[in-house]
Amino acid sequence: MLGFANPLMLAGLAAVGLPVLIHFLTRPRPRVIRYPTYHLLREAGAGRQALDRLRTWLVLVLRTLAVAALALLFARPVWRAVGTDADERAARRVVLVVDASMSMNATDGGVTLFTRARAQAADLLRSLEPGSQAGIVYMGARTRAVLPALSRNLSVLHEGLSEAKPTLEFGDASAALAEAARMLEGSGAIYVFSDFQRTNWGAVDFGRHEGLAFFLKPVTDRPVDNCGIVSVDKSPGRPLAGEHVTLSCRVFNASAGRRVETVRLDMEGVSHKADVELAPYSSGMARLRFSVPRRGHMPGRVMLRQDALSEDDVRYFDLEVRDELRALLVCDADPNDPASPALFVRTALCPDDQAAQGIEVLHRRSAEVEQRALQTADLFVLVCPVRLSGGSVQTIARRVQEGAHLMCWLDGPSASPLLGALAGSSDGLVAPPFHVTDLVRAETPEPFAEIRTHRDPLQVFHDASGGQLSALRVRRHLRAEPAADRAEEVLIRYADGAPALALGEAGRGRAVYANLPVAPSGSNVAGSPLFPALVHELLRALRRTARAQDHAPGATWQLDIVAGARVAEGAELAMHGPDGAPVQATVVGRGRTVRLSLPPVPAPGHYPVRAGEELCGMGVVNVHPDETDTRPLDIELLLEEDMDASVTIVGDGEDLLRAGRNRPLWPHLLAAAAAFVAAEMLLLALWRRRSSRARMRTYREART
């Protein structure tokens with residue numbers, strides 16, 4: 001938008017007519033000369049008159065343009081690049097949004113992207129006119145501003161910018177733009193300095209901020225090659241002392257070339273490594289298998305070799321190792337009956353103390369279940385017939401949602417009420433992927449129609465004949481209608497389509513639903529030598545955690561701690577960070593587990609919780625996995641034709657300075673006036689009129 005600092009000086013444009021007036025007033029008047037050979041003179045001057053007229057008009061145009069440039073120069077025109085509808089006030093109101101998320105720590109050409117963004121933002125801040133109002137907003141998981149509102153004290157903003165550092169947080173671009181728009185109050189311009197990482201900017205809507213102008217400045221014109229560990233899965237999630245543990249480390253390759261990376265494990269008394277081959281822009285899995293020697297919390301980390309973004313080359317985890325697994329088995333069948341289904345299930349879980357070390361099975365009838373057993377169990381095994389009270393069902397449903405595991409062996413009329421009570425007490429979170437209708441009996445024992453032995457946990461039963469489980473026969477089962485949206489949870493089906501075995505998530509825990517009778521009167525499952533192996537494979541799958549409960553820097557988080565003796569006594573809990581500094585923790589819930597509410601923390605690592613000298617919990621904070629994908633977004637995809645906001649993509653530093661301030665045009669006008677005068681002088685020097693002597697010579701040559 002064009003403006004003038006001295007608009008009254010535009011009256012000087014009237015001087016543009018002076019060269020024209022002088023031209024016509026000083027034009028020579030024609031004289032009539034009678035000359036007998038005049039026709040020879042006309043022939044000699046023919047062809048020169050048009051050129052002389054062209055020369056005259058060129059000189060006149062150059063003089064006129066020079067006078068116009070000088071007149072405009074004194075009017076002090078200014079180019080305001082804010083927006084089509086922006087006024088003079090808006091041109092002096094700006095907010096600088098500087099991306100401070102973790103990906104800005106990446107190094108490009110020996111300089112971090114954040115350092116480059118900070119330097120460009122400082123150049124823009126210096127280019128603002130005196131009296132401009134400005135603000136600076138840093139983009140991260142939390143939006144931070146140097147000052148809470150726009151300010152004319154640009155020196156304070158410069159100081160804040162010079163002291164700024166990048167964070168290890170993920171970037172919330174929408175929140176940063178919303179804070180900048182709030183500071184501008186609907187009038188002004190927002191300048192964004194970022195790598196425009198696709199995971200941070202993919203869902204940004206500039207059209208929400210009507211009337212504002214946006215200038216987007218990418219700090220790099222190429223993606224930064226990066227490779228990082230994005231997740232660590234533990235199997236089992238809470239191992240027993242001496243048990244083998246498998247760490248599955250997912251590594252993402254954010255570069256255009258194929259890479260082979262080595263993942264190294266660093267933990268107390270354990271050191272392993274594994275290689276993983278990665279295709280361009282894809283992920284791969286490295287698995288580390290080891291055993292844990294002792295009980296308690298064992299913090300560890302997995303690492304890659306450092307690259308351009310070293311912060312995601314380390315990922316932390318914690319293993320909570322226990323002495324034994326406590327299982328509560330509930331069944332109302334006669335425990336002294338040798339055909340009782342509870343007897344078969346208990347024997348499969350724990351034949352005797354020597355054969356199954358680490359598993360403690362507590363057998364109860366429905367009416368005998370006490371609250372202490374419900375609160376301390378890690379695994380609930382419900383074998384029909386079961387008729388639990390409403391309070392017991394609610395406790396089991398809550399415990400499973402908090403991380404305990406559930407195994408249901410369904411048979412007979414008590415199965416449907418049990419499943420309904422569990423689903424009702426958990427708002428549908430603890431529910432099978434099918435709906436039970438009635439009981440089906442077969443005249444002859446029938447095999448399973450579909451067995452997915454290619455899926456975990458049935459892979460161990462796979463063989464060339466299609467699966468060892470195909471030898472099992474069932475005389476009765478519950479007819480059930482499967483849920484279409486949870487079909488992947490079903491592992492075995494009957495001929496009528498009813499699920500026979502399903503495994504799925506249930507809150508933070510997992511659940512197995514076995515729609516098959518264990519009693520010998522209903523199937524040959526319990527008498528098969530495959531049954532103990534099947535039970536333990538299901539138990540192993542239940543204890544596998546889908547993903548470690550990580551928390552990201554910059555976000556509020558909660559931590560659940562199993563209440564030990566000292567915690568149960570009400571001992572004060574204290575949390576410390578990786579550097580030993582205390583972290584303010586607030587207890588928001590007590591019971592079997594104590595829930596702590598924790599403030600945002602800036603750094604990844606281990607955060608131990610102690611009750612006195614006793615280590616009772618361990619929080620783990622890791623960088624957000626989305627920050628590993630350093631590929632920039634195609635910003636053009638964010639622009640829409642019908643947006644109410646003006647968005648400009650700035651390509652280089654010079655364009656940024658031009659977009660970032662009100663550009664005075666008088667230097668250009670002064671240069672233009674000088675150029676016009678110089679052009680006139682050069683034209684007059686090189687293109688002279690022919691003298692009278694030259695014309696007479698031409699005349700004599702014509703006569704002869």
# chains A, B, ... in the order shown; residues from 1 in each chain; ligands from 1
call {"tool": "residues_around", "arguments": {"residues": "Trp201 in chain A", "least_positions_apart": "5", "cutoff": "8 Å", "atoms": "only C-alpha atoms", "output": "list in words"}}
result
Ala173, Ser174, Phe196 and Leu633 of chain A
call {"tool": "write_last_selection", "arguments": {"atoms": "N, CA and C atoms", "output": "PDB file, in the first residue's frame"}}
result
ATOM      1  N   ALA A 173       1.671 -25.133  16.735  1.00  0.00           N
ATOM      2  CA  ALA A 173       1.646 -23.962  15.871  1.00  0.00           C
ATOM      3  C   ALA A 173       0.343 -23.193  16.003  1.00  0.00           C
ATOM      4  N   SER A 174      -0.771 -23.883  16.108  1.00  0.00           N
ATOM      5  CA  SER A 174      -2.063 -23.200  16.199  1.00  0.00           C
ATOM      6  C   SER A 174      -2.141 -22.333  17.453  1.00  0.00           C
ATOM      7  N   PHE A 196       8.895 -25.194   9.509  1.00  0.00           N
ATOM      8  CA  PHE A 196       7.594 -25.620   8.991  1.00  0.00           C
ATOM      9  C   PHE A 196       7.538 -27.138   8.851  1.00  0.00           C
ATOM     10  N   LEU A 633       6.869 -29.096   5.506  1.00  0.00           N
ATOM     11  CA  LEU A 633       5.582 -29.127   4.818  1.00  0.00           C
ATOM     12  C   LEU A 633       5.622 -28.212   3.601  1.00  0.00           C
TER      13      LEU A 633
END
call {"tool": "residues_around", "arguments": {"residues": "Val314 in chain A", "least_positions_apart": "3", "cutoff": "8 Å", "atoms": "only C-alpha atoms", "output": "short mmCIF file (atom, residue, chain, number, x, y, z; two decimals) with C-alpha atoms, in the first residue's frame"}}
result
data_model
loop_
_atom_site.label_atom_id
_atom_site.label_comp_id
_atom_site.auth_asym_id
_atom_site.auth_seq_id
_atom_site.Cartn_x
_atom_site.Cartn_y
_atom_site.Cartn_z
CA GLY A 228 15.67 -41.11 15.72
CA ILE A 229 14.12 -43.61 18.11
CA ARG A 301 18.14 -45.99 27.77
CA VAL A 302 18.61 -46.96 24.13
CA MET A 303 20.81 -44.88 21.82
CA LEU A 304 21.78 -44.26 18.19
CA SER A 310 20.93 -35.51 18.41
CA GLU A 311 18.06 -34.99 20.88
#
call {"tool": "select_by_dssp", "arguments": {"residues": "range 139-374 of chain A", "states": "alpha helix (DSSP H)", "output": "PDB file with N, CA and C atoms, in the first residue's frame"}}
result
ATOM      1  N   LEU A 154      11.464  -1.654  21.910  1.00  0.00           N
ATOM      2  CA  LEU A 154      12.065  -2.696  21.086  1.00  0.00           C
ATOM      3  C   LEU A 154      13.365  -3.205  21.672  1.00  0.00           C
ATOM      4  N   SER A 155      14.019  -2.425  22.505  1.00  0.00           N
ATOM      5  CA  SER A 155      15.271  -2.883  23.100  1.00  0.00           C
ATOM      6  C   SER A 155      15.035  -4.068  24.032  1.00  0.00           C
ATOM      7  N   VAL A 156      13.906  -4.060  24.762  1.00  0.00           N
ATOM      8  CA  VAL A 156      13.580  -5.194  25.623  1.00  0.00           C
ATOM      9  C   VAL A 156      13.330  -6.448  24.794  1.00  0.00           C
ATOM     10  N   LEU A 157      12.666  -6.280  23.665  1.00  0.00           N
ATOM     11  CA  LEU A 157      12.429  -7.419  22.784  1.00  0.00           C
ATOM     12  C   LEU A 157      13.738  -7.945  22.207  1.00  0.00           C
ATOM     13  N   HIS A 158      14.652  -7.038  21.843  1.00  0.00           N
ATOM     14  CA  HIS A 158      15.967  -7.465  21.359  1.00  0.00           C
ATOM     15  C   HIS A 158      16.701  -8.269  22.430  1.00  0.00           C
ATOM     16  N   GLU A 159      16.635  -7.808  23.662  1.00  0.00           N
ATOM     17  CA  GLU A 159      17.321  -8.509  24.748  1.00  0.00           C
ATOM     18  C   GLU A 159      16.722  -9.895  24.966  1.00  0.00           C
ATOM     19  N   GLY A 160      15.385  -9.981  24.951  1.00  0.00           N
ATOM     20  CA  GLY A 160      14.736 -11.272  25.110  1.00  0.00           C
ATOM     21  C   GLY A 160      15.053 -12.224  23.978  1.00  0.00           C
ATOM     22  N   LEU A 161      15.161 -11.677  22.771  1.00  0.00           N
ATOM     23  CA  LEU A 161      15.476 -12.504  21.620  1.00  0.00           C
ATOM     24  C   LEU A 161      16.911 -13.025  21.695  1.00  0.00           C
ATOM     25  N   SER A 162      17.824 -12.203  22.164  1.00  0.00           N
ATOM     26  CA  SER A 162      19.223 -12.626  22.247  1.00  0.00           C
ATOM     27  C   SER A 162      19.434 -13.712  23.293  1.00  0.00           C
ATOM     28  N   GLU A 163      18.571 -13.746  24.321  1.00  0.00           N
ATOM     29  CA  GLU A 163      18.710 -14.742  25.387  1.00  0.00           C
ATOM     30  C   GLU A 163      17.887 -15.993  25.129  1.00  0.00           C
ATOM     31  N   ALA A 173       1.671 -25.133  16.735  1.00  0.00           N
ATOM     32  CA  ALA A 173       1.646 -23.962  15.871  1.00  0.00           C
ATOM     33  C   ALA A 173       0.343 -23.193  16.003  1.00  0.00           C
ATOM     34  N   SER A 174      -0.771 -23.883  16.108  1.00  0.00           N
ATOM     35  CA  SER A 174      -2.063 -23.200  16.199  1.00  0.00           C
ATOM     36  C   SER A 174      -2.141 -22.333  17.453  1.00  0.00           C
ATOM     37  N   ALA A 175      -1.622 -22.840  18.576  1.00  0.00           N
ATOM     38  CA  ALA A 175      -1.648 -22.061  19.816  1.00  0.00           C
ATOM     39  C   ALA A 175      -0.753 -20.834  19.712  1.00  0.00           C
ATOM     40  N   ALA A 176       0.412 -20.968  19.050  1.00  0.00           N
ATOM     41  CA  ALA A 176       1.315 -19.826  18.903  1.00  0.00           C
ATOM     42  C   ALA A 176       0.681 -18.735  18.044  1.00  0.00           C
ATOM     43  N   LEU A 177       0.034 -19.113  16.949  1.00  0.00           N
ATOM     44  CA  LEU A 177      -0.620 -18.122  16.096  1.00  0.00           C
ATOM     45  C   LEU A 177      -1.805 -17.484  16.809  1.00  0.00           C
ATOM     46  N   ALA A 178      -2.521 -18.275  17.604  1.00  0.00           N
ATOM     47  CA  ALA A 178      -3.647 -17.714  18.353  1.00  0.00           C
ATOM     48  C   ALA A 178      -3.164 -16.679  19.371  1.00  0.00           C
ATOM     49  N   GLU A 179      -2.036 -16.938  20.030  1.00  0.00           N
ATOM     50  CA  GLU A 179      -1.495 -15.973  20.983  1.00  0.00           C
ATOM     51  C   GLU A 179      -1.043 -14.703  20.268  1.00  0.00           C
ATOM     52  N   ALA A 180      -0.407 -14.845  19.103  1.00  0.00           N
ATOM     53  CA  ALA A 180       0.002 -13.667  18.336  1.00  0.00           C
ATOM     54  C   ALA A 180      -1.207 -12.861  17.883  1.00  0.00           C
ATOM     55  N   ALA A 181      -2.268 -13.535  17.448  1.00  0.00           N
ATOM     56  CA  ALA A 181      -3.485 -12.831  17.033  1.00  0.00           C
ATOM     57  C   ALA A 181      -4.131 -12.109  18.205  1.00  0.00           C
ATOM     58  N   ARG A 182      -4.081 -12.726  19.385  1.00  0.00           N
ATOM     59  CA  ARG A 182      -4.633 -12.056  20.567  1.00  0.00           C
ATOM     60  C   ARG A 182      -3.883 -10.759  20.867  1.00  0.00           C
ATOM     61  N   MET A 183      -2.568 -10.778  20.733  1.00  0.00           N
ATOM     62  CA  MET A 183      -1.774  -9.584  21.009  1.00  0.00           C
ATOM     63  C   MET A 183      -2.074  -8.475  19.993  1.00  0.00           C
ATOM     64  N   LEU A 184      -2.354  -8.844  18.751  1.00  0.00           N
ATOM     65  CA  LEU A 184      -2.613  -7.842  17.713  1.00  0.00           C
ATOM     66  C   LEU A 184      -4.029  -7.293  17.771  1.00  0.00           C
ATOM     67  N   ARG A 198       6.235 -30.745   9.031  1.00  0.00           N
ATOM     68  CA  ARG A 198       4.893 -31.180   8.640  1.00  0.00           C
ATOM     69  C   ARG A 198       4.044 -31.635   9.825  1.00  0.00           C
ATOM     70  N   THR A 199       4.660 -32.242  10.841  1.00  0.00           N
ATOM     71  CA  THR A 199       3.876 -32.711  11.974  1.00  0.00           C
ATOM     72  C   THR A 199       3.365 -31.571  12.834  1.00  0.00           C
ATOM     73  N   ASN A 200       4.013 -30.412  12.790  1.00  0.00           N
ATOM     74  CA  ASN A 200       3.574 -29.265  13.581  1.00  0.00           C
ATOM     75  C   ASN A 200       2.631 -28.348  12.818  1.00  0.00           C
ATOM     76  N   TRP A 201       2.783 -28.251  11.512  1.00  0.00           N
ATOM     77  CA  TRP A 201       2.058 -27.251  10.733  1.00  0.00           C
ATOM     78  C   TRP A 201       0.985 -27.837   9.816  1.00  0.00           C
ATOM     79  N   PRO A 341     -13.664 -76.723  35.856  1.00  0.00           N
ATOM     80  CA  PRO A 341     -12.841 -75.933  34.924  1.00  0.00           C
ATOM     81  C   PRO A 341     -11.795 -75.091  35.645  1.00  0.00           C
ATOM     82  N   ALA A 342     -12.084 -74.668  36.876  1.00  0.00           N
ATOM     83  CA  ALA A 342     -11.104 -73.875  37.617  1.00  0.00           C
ATOM     84  C   ALA A 342      -9.855 -74.681  37.904  1.00  0.00           C
ATOM     85  N   LEU A 343     -10.013 -75.969  38.141  1.00  0.00           N
ATOM     86  CA  LEU A 343      -8.849 -76.815  38.419  1.00  0.00           C
ATOM     87  C   LEU A 343      -7.924 -76.882  37.215  1.00  0.00           C
ATOM     88  N   PHE A 344      -8.483 -77.018  36.037  1.00  0.00           N
ATOM     89  CA  PHE A 344      -7.654 -77.092  34.833  1.00  0.00           C
ATOM     90  C   PHE A 344      -6.932 -75.760  34.578  1.00  0.00           C
ATOM     91  N   VAL A 345      -7.653 -74.661  34.750  1.00  0.00           N
ATOM     92  CA  VAL A 345      -7.032 -73.363  34.495  1.00  0.00           C
ATOM     93  C   VAL A 345      -5.935 -73.084  35.516  1.00  0.00           C
ATOM     94  N   ARG A 346      -6.209 -73.405  36.799  1.00  0.00           N
ATOM     95  CA  ARG A 346      -5.194 -73.156  37.827  1.00  0.00           C
ATOM     96  C   ARG A 346      -3.975 -74.034  37.605  1.00  0.00           C
ATOM     97  N   THR A 347      -4.180 -75.272  37.245  1.00  0.00           N
ATOM     98  CA  THR A 347      -3.050 -76.163  37.006  1.00  0.00           C
ATOM     99  C   THR A 347      -2.234 -75.704  35.809  1.00  0.00           C
ATOM    100  N   ALA A 348      -2.915 -75.189  34.791  1.00  0.00           N
ATOM    101  CA  ALA A 348      -2.184 -74.684  33.627  1.00  0.00           C
ATOM    102  C   ALA A 348      -1.363 -73.450  33.995  1.00  0.00           C
ATOM    103  N   LEU A 349      -1.902 -72.597  34.852  1.00  0.00           N
ATOM    104  CA  LEU A 349      -1.159 -71.408  35.264  1.00  0.00           C
ATOM    105  C   LEU A 349       0.002 -71.766  36.176  1.00  0.00           C
ATOM    106  N   GLN A 371     -11.841 -57.603  49.366  1.00  0.00           N
ATOM    107  CA  GLN A 371     -11.313 -56.392  48.725  1.00  0.00           C
ATOM    108  C   GLN A 371      -9.790 -56.400  48.645  1.00  0.00           C
ATOM    109  N   ARG A 372      -9.133 -56.951  49.651  1.00  0.00           N
ATOM    110  CA  ARG A 372      -7.666 -56.969  49.611  1.00  0.00           C
ATOM    111  C   ARG A 372      -7.166 -57.770  48.416  1.00  0.00           C
ATOM    112  N   ALA A 373      -7.816 -58.897  48.142  1.00  0.00           N
ATOM    113  CA  ALA A 373      -7.419 -59.708  46.995  1.00  0.00           C
ATOM    114  C   ALA A 373      -7.675 -58.960  45.688  1.00  0.00           C
ATOM    115  N   LEU A 374      -8.788 -58.231  45.611  1.00  0.00           N
ATOM    116  CA  LEU A 374      -9.083 -57.458  44.403  1.00  0.00           C
ATOM    117  C   LEU A 374      -8.091 -56.320  44.211  1.00  0.00           C
TER     118      LEU A 374
END
call {"tool": "closest_residue", "arguments": {"among": "A:His209, A:Arg264, A:Arg399, A:His435", "to": "Asn515 in chain A", "atoms": "only C-alpha atoms"}}
result
A:His435
call {"tool": "select_by_dssp", "arguments": {"residues": "range 384-473 of chain A", "states": "strand (DSSP E)", "output": "PDB file with N, CA and C atoms, in the first residue's frame"}}
result
ATOM      1  N   HIS A 405      -4.712 -56.973  34.265  1.00  0.00           N
ATOM      2  CA  HIS A 405      -5.091 -57.769  33.100  1.00  0.00           C
ATOM      3  C   HIS A 405      -6.230 -58.714  33.461  1.00  0.00           C
ATOM      4  N   LEU A 406      -6.963 -59.128  32.434  1.00  0.00           N
ATOM      5  CA  LEU A 406      -8.178 -59.912  32.623  1.00  0.00           C
ATOM      6  C   LEU A 406      -8.182 -61.086  31.658  1.00  0.00           C
ATOM      7  N   MET A 407      -8.563 -62.282  32.193  1.00  0.00           N
ATOM      8  CA  MET A 407      -8.736 -63.486  31.375  1.00  0.00           C
ATOM      9  C   MET A 407     -10.077 -64.106  31.727  1.00  0.00           C
ATOM     10  N   CYS A 408     -10.992 -64.132  30.756  1.00  0.00           N
ATOM     11  CA  CYS A 408     -12.344 -64.660  30.970  1.00  0.00           C
ATOM     12  C   CYS A 408     -12.522 -65.947  30.175  1.00  0.00           C
ATOM     13  N   TRP A 409     -12.914 -67.034  30.885  1.00  0.00           N
ATOM     14  CA  TRP A 409     -13.256 -68.301  30.231  1.00  0.00           C
ATOM     15  C   TRP A 409     -14.770 -68.422  30.305  1.00  0.00           C
ATOM     16  N   PHE A 434     -17.590 -58.887  20.815  1.00  0.00           N
ATOM     17  CA  PHE A 434     -18.771 -59.625  20.336  1.00  0.00           C
ATOM     18  C   PHE A 434     -19.881 -59.486  21.369  1.00  0.00           C
ATOM     19  N   HIS A 435     -21.094 -59.801  20.927  1.00  0.00           N
ATOM     20  CA  HIS A 435     -22.279 -59.730  21.783  1.00  0.00           C
ATOM     21  C   HIS A 435     -22.891 -61.124  21.861  1.00  0.00           C
ATOM     22  N   VAL A 436     -22.983 -61.663  23.089  1.00  0.00           N
ATOM     23  CA  VAL A 436     -23.474 -63.019  23.310  1.00  0.00           C
ATOM     24  C   VAL A 436     -24.995 -63.050  23.177  1.00  0.00           C
ATOM     25  N   THR A 437     -25.496 -64.073  22.481  1.00  0.00           N
ATOM     26  CA  THR A 437     -26.944 -64.226  22.314  1.00  0.00           C
ATOM     27  C   THR A 437     -27.468 -65.461  23.052  1.00  0.00           C
ATOM     28  N   ASP A 438     -27.013 -66.665  22.694  1.00  0.00           N
ATOM     29  CA  ASP A 438     -27.492 -67.871  23.362  1.00  0.00           C
ATOM     30  C   ASP A 438     -26.417 -68.956  23.299  1.00  0.00           C
ATOM     31  N   LEU A 439     -26.754 -70.135  23.839  1.00  0.00           N
ATOM     32  CA  LEU A 439     -25.819 -71.256  23.907  1.00  0.00           C
ATOM     33  C   LEU A 439     -26.108 -72.236  22.773  1.00  0.00           C
ATOM     34  N   VAL A 440     -25.059 -72.683  22.094  1.00  0.00           N
ATOM     35  CA  VAL A 440     -25.181 -73.614  20.973  1.00  0.00           C
ATOM     36  C   VAL A 440     -24.538 -74.941  21.372  1.00  0.00           C
ATOM     37  N   ARG A 441     -25.260 -76.053  21.135  1.00  0.00           N
ATOM     38  CA  ARG A 441     -24.734 -77.389  21.410  1.00  0.00           C
ATOM     39  C   ARG A 441     -24.650 -78.157  20.103  1.00  0.00           C
ATOM     40  N   ALA A 442     -23.551 -78.889  19.944  1.00  0.00           N
ATOM     41  CA  ALA A 442     -23.342 -79.688  18.734  1.00  0.00           C
ATOM     42  C   ALA A 442     -23.525 -81.165  19.055  1.00  0.00           C
ATOM     43  N   GLU A 443     -24.088 -81.924  18.091  1.00  0.00           N
ATOM     44  CA  GLU A 443     -24.270 -83.360  18.297  1.00  0.00           C
ATOM     45  C   GLU A 443     -22.935 -84.070  18.369  1.00  0.00           C
ATOM     46  N   THR A 444     -21.998 -83.615  17.559  1.00  0.00           N
ATOM     47  CA  THR A 444     -20.652 -84.186  17.582  1.00  0.00           C
ATOM     48  C   THR A 444     -19.662 -83.053  17.790  1.00  0.00           C
ATOM     49  N   PRO A 445     -18.549 -83.304  18.467  1.00  0.00           N
ATOM     50  CA  PRO A 445     -17.547 -82.242  18.677  1.00  0.00           C
ATOM     51  C   PRO A 445     -17.070 -81.669  17.344  1.00  0.00           C
ATOM     52  N   GLU A 446     -16.987 -80.323  17.289  1.00  0.00           N
ATOM     53  CA  GLU A 446     -16.623 -79.637  16.053  1.00  0.00           C
ATOM     54  C   GLU A 446     -15.278 -78.922  16.202  1.00  0.00           C
ATOM     55  N   GLU A 450     -11.672 -71.182  11.866  1.00  0.00           N
ATOM     56  CA  GLU A 450     -10.586 -70.260  11.491  1.00  0.00           C
ATOM     57  C   GLU A 450      -9.672 -70.059  12.695  1.00  0.00           C
ATOM     58  N   ILE A 451      -8.375 -70.294  12.481  1.00  0.00           N
ATOM     59  CA  ILE A 451      -7.371 -70.109  13.534  1.00  0.00           C
ATOM     60  C   ILE A 451      -6.256 -69.247  12.958  1.00  0.00           C
TER      61      ILE A 451
END
call {"tool": "residues_around", "arguments": {"residues": "range 320-328 of chain A", "least_positions_apart": "2", "cutoff": "8 Å", "atoms": "only C-alpha atoms", "output": "PyMOL selection string"}}
result
chain A and resi 237-241+292+294-298+318+330+357-364+373-374+376-381
call {"tool": "write_last_selection", "arguments": {"atoms": "C-alpha atoms", "output": "compact mmCIF listing (two decimals), in the first residue's frame"}}
result
# COMPACT_ATOMS: atom_id res chain seq x y z
CA GLY A 237 5.68 -54.65 30.67
CA ARG A 238 6.37 -55.54 34.31
CA PRO A 239 8.77 -58.51 34.22
CA LEU A 240 9.68 -60.90 36.99
CA ALA A 241 13.19 -61.21 38.36
CA VAL A 292 16.77 -58.75 34.46
CA ARG A 294 16.94 -58.21 40.39
CA ARG A 295 13.64 -56.72 41.51
CA GLY A 296 12.88 -53.01 41.71
CA HIS A 297 13.03 -50.14 39.26
CA MET A 298 15.73 -50.50 36.62
CA ASP A 318 12.08 -47.95 33.11
CA VAL A 330 -12.66 -66.72 40.59
CA GLN A 357 8.10 -69.84 39.99
CA GLY A 358 6.97 -66.23 40.06
CA ILE A 359 3.20 -66.90 39.71
CA GLU A 360 0.98 -66.91 42.79
CA VAL A 361 -2.60 -68.04 42.16
CA LEU A 362 -5.32 -67.25 44.71
CA HIS A 363 -8.52 -69.26 44.13
CA ARG A 364 -11.84 -67.85 45.40
CA ALA A 373 -7.42 -59.71 46.99
CA LEU A 374 -9.08 -57.46 44.40
CA THR A 376 -3.50 -56.54 45.11
CA ALA A 377 -4.09 -58.81 42.10
CA ASP A 378 -2.18 -58.20 38.87
CA LEU A 379 -4.26 -60.68 36.85
CA PHE A 380 -7.96 -61.53 37.15
CA VAL A 381 -8.94 -64.99 35.85
call {"tool": "closest_residue", "arguments": {"among": "A:Ala149, A:Ala679, A:Leu419, A:Ile190", "to": "Thr648 in chain A", "atoms": "only C-alpha atoms"}}
result
A:Ile190
call {"tool": "closest_residue", "arguments": {"among": "A:Leu216, A:Met102, A:Leu638, A:Val97", "to": "Ile136 in chain A", "atoms": "only C-alpha atoms"}}
result
A:Val97
call {"tool": "atom_distance", "arguments": {"atom1": "CA of His624 in chain A", "atom2": "CA of Gly140 in chain A"}}
result
11.4 Å
call {"tool": "residues_around", "arguments": {"residues": "range 275-290 of chain A", "least_positions_apart": "6", "cutoff": "10 Å", "atoms": "only C-alpha atoms", "output": "count of residues only"}}
result
37
call {"tool": "closest_atom_pairs", "arguments": {"of": "range 484-555 of chain A", "to": "range 603-618 of chain A", "cutoff": "9 Å", "atoms": "only C-alpha atoms", "output": "CSV"}}
result
residue,atom,partner,partner_atom,distance
A:His551,CA,A:Pro604,CA,8.6
A:Ala552,CA,A:Pro604,CA,7.4
A:Pro553,CA,A:Ala603,CA,5.9
A:Gly554,CA,A:Ala603,CA,8.4
call {"tool": "residues_around", "arguments": {"residues": "Gly135 in chain A", "least_positions_apart": "6", "cutoff": "7 Å", "atoms": "only C-alpha atoms", "output": "PyMOL selection string"}}
result
chain A and resi 94-96+147+149-151
call {"tool": "residues_around", "arguments": {"residues": "Ala675 in chain A", "least_positions_apart": "5", "cutoff": "10 Å", "atoms": "only C-alpha atoms", "output": "PyMOL selection string"}}
result
chain A and resi 62+65-66+669-670+680-681
